[in-house]
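Enquirer: Handing over data_8.pdb, PDB, C-alpha atoms.
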ATOM      1  CA  MET A   1      -7.257  15.784  -5.308  1.00  0.00           C
ATOM      2  CA  TYR A   2      -3.753  14.449  -4.756  1.00  0.00           C
ATOM      3  CA  LYS A   3      -1.765  13.222  -7.746  1.00  0.00           C
ATOM      4  CA  LEU A   4       0.679  11.090  -5.767  1.00  0.00           C
ATOM      5  CA  VAL A   5       0.682   9.543  -2.301  1.00  0.00           C
ATOM      6  CA  ALA A   6       3.773   7.817  -0.874  1.00  0.00           C
ATOM      7  CA  ILE A   7       3.148   5.478   2.046  1.00  0.00           C
ATOM      8  CA  ASP A   8       5.791   3.923   4.267  1.00  0.00           C
ATOM      9  CA  LEU A   9       5.224   0.212   4.822  1.00  0.00           C
ATOM     10  CA  ASP A  10       7.115  -0.466   8.046  1.00  0.00           C
ATOM     11  CA  GLY A  11       5.136   0.605  11.093  1.00  0.00           C
ATOM     12  CA  THR A  12       2.772   2.789   9.076  1.00  0.00           C
ATOM     13  CA  LEU A  13       0.797   0.779   6.532  1.00  0.00           C
ATOM     14  CA  LEU A  14       1.598  -2.704   7.840  1.00  0.00           C
ATOM     15  CA  ASN A  15       0.224  -3.991  11.117  1.00  0.00           C
ATOM     16  CA  SER A  16       2.263  -6.049  13.603  1.00  0.00           C
ATOM     17  CA  ASN A  17       1.560  -9.188  11.512  1.00  0.00           C
ATOM     18  CA  GLY A  18       2.996  -7.604   8.361  1.00  0.00           C
ATOM     19  CA  GLU A  19      -0.460  -7.244   6.790  1.00  0.00           C
ATOM     20  CA  ILE A  20      -2.331  -4.332   5.256  1.00  0.00           C
ATOM     21  CA  SER A  21      -5.767  -3.886   6.832  1.00  0.00           C
ATOM     22  CA  ASN A  22      -8.890  -4.020   4.665  1.00  0.00           C
ATOM     23  CA  GLU A  23      -9.606  -0.405   5.610  1.00  0.00           C
ATOM     24  CA  ASN A  24      -6.207   0.693   4.280  1.00  0.00           C
ATOM     25  CA  LYS A  25      -6.595  -1.451   1.154  1.00  0.00           C
ATOM     26  CA  ASN A  26      -9.978   0.120   0.457  1.00  0.00           C
ATOM     27  CA  SER A  27      -8.562   3.623   0.935  1.00  0.00           C
ATOM     28  CA  ILE A  28      -5.711   2.903  -1.470  1.00  0.00           C
ATOM     29  CA  LEU A  29      -8.089   1.397  -4.040  1.00  0.00           C
ATOM     30  CA  GLU A  30     -10.355   4.436  -3.786  1.00  0.00           C
ATOM     31  CA  ALA A  31      -7.408   6.783  -4.263  1.00  0.00           C
ATOM     32  CA  THR A  32      -6.248   4.933  -7.379  1.00  0.00           C
ATOM     33  CA  LYS A  33      -9.788   4.936  -8.813  1.00  0.00           C
ATOM     34  CA  ASN A  34      -9.694   8.716  -8.486  1.00  0.00           C
ATOM     35  CA  GLY A  35      -6.458   8.895 -10.461  1.00  0.00           C
ATOM     36  CA  THR A  36      -4.001   9.151  -7.576  1.00  0.00           C
ATOM     37  CA  MET A  37      -0.729   7.255  -7.974  1.00  0.00           C
ATOM     38  CA  VAL A  38       0.159   5.341  -4.801  1.00  0.00           C
ATOM     39  CA  VAL A  39       3.793   4.529  -4.050  1.00  0.00           C
ATOM     40  CA  LEU A  40       4.757   2.030  -1.358  1.00  0.00           C
ATOM     41  CA  SER A  41       8.072   2.915   0.227  1.00  0.00           C
ATOM     42  CA  SER A  42      10.392   1.148   2.630  1.00  0.00           C
ATOM     43  CA  ARG A  43      14.009   1.243   3.635  1.00  0.00           C
ATOM     44  CA  LYS A  44      14.036  -2.482   2.861  1.00  0.00           C
ATOM     45  CA  ASN A  45      14.854  -3.776  -0.618  1.00  0.00           C
ATOM     46  CA  ALA A  46      12.501  -3.936  -3.593  1.00  0.00           C
ATOM     47  CA  LYS A  47      11.890  -7.671  -3.105  1.00  0.00           C
ATOM     48  CA  PHE A  48      10.243  -6.883   0.247  1.00  0.00           C
ATOM     49  CA  ARG A  49       7.937  -4.259  -1.312  1.00  0.00           C
ATOM     50  CA  LYS A  50       7.063  -6.439  -4.297  1.00  0.00           C
ATOM     51  CA  LYS A  51       4.982  -8.887  -2.255  1.00  0.00           C
ATOM     52  CA  TYR A  52       2.579  -6.030  -1.447  1.00  0.00           C
ATOM     53  CA  CYS A  53       2.266  -5.035  -5.117  1.00  0.00           C
ATOM     54  CA  ASN A  54       0.921  -8.307  -6.492  1.00  0.00           C
ATOM     55  CA  GLY A  55      -2.302  -6.801  -7.833  1.00  0.00           C
ATOM     56  CA  ASN A  56      -4.482  -8.922  -5.529  1.00  0.00           C
ATOM     57  CA  TRP A  57      -6.266  -5.941  -3.969  1.00  0.00           C
ATOM     58  CA  SER A  58      -9.806  -6.479  -5.205  1.00  0.00           C
ATOM     59  CA  ARG A  59     -12.636  -5.764  -2.784  1.00  0.00           C
TER      60      ARG A  59
END
Let me see the structure of the file written as structure tokens.
Expert:
Amino acid sequence: MYKLVAIDLDGTLLNSNGEISNENKNSILEATKNGTMVVLSSRKNAKFRKKYCNGNWSR
């Protein structure tokens, strides 16, 4: 089991519409349920990343 996963937002996690797919959301939720810390990274500022960390990831 991984303890930490860092995922780049731009061109990796986000699709061309700037959205995270349900499949990716489910994978991230599953990882966190198993105790893995997930970090969203980007070269853009924290304000950009914050909109993806709003806690509205329920299935």
Enquirer: Any idea what the distance is between CA of Met1 in chain A and CA of Asn22 in chain A?
Expert: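 Distance reported for this atom pair: 22.2 Å.
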Enquirer: Might you pull out every residue within 8 Å of range 4-9 of chain A, with only C-alpha atoms counted and same-chain residues fewer than 6 positions away left off, and present them as a list in words?
Expert: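 Listed by chain and then number, they are Thr36, Met37, Val38, Val39, Leu40, Ser41 and Ser42 of chain A.
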Enquirer: What gap, in Å, lies between CA of Asn15 in chain A and CA of Thr32 in chain A?
Expert: 21.5 Å
Enquirer: So how many Å separate CA of Tyr52 in chain A and CA of Thr12 in chain A, to one decimal?
Expert: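 Separating CA of Tyr52 in chain A from CA of Thr12 in chain A is a distance of 13.7 Å.
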Enquirer: Which residue gives the smallest distance to Arg43 in chain A among A:Gly11, A:Leu29, A:Ser16, A:Ser21, with only C-alpha atoms counted?
Expert: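 Checking each candidate against Arg43 in chain A, we get A:Gly11 as the closest.
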Enquirer: Output, as JSON, the centre and edge lengths in Å (one decimal) of the axis-aligned box that contains all listed atoms of range 21-39 of chain A with 5 Å of margin on each side.
Expert:
{"center_x": -3.3, "center_y": 2.6, "center_z": -1.8, "size_x": 24.1, "size_y": 23.2, "size_z": 27.3}
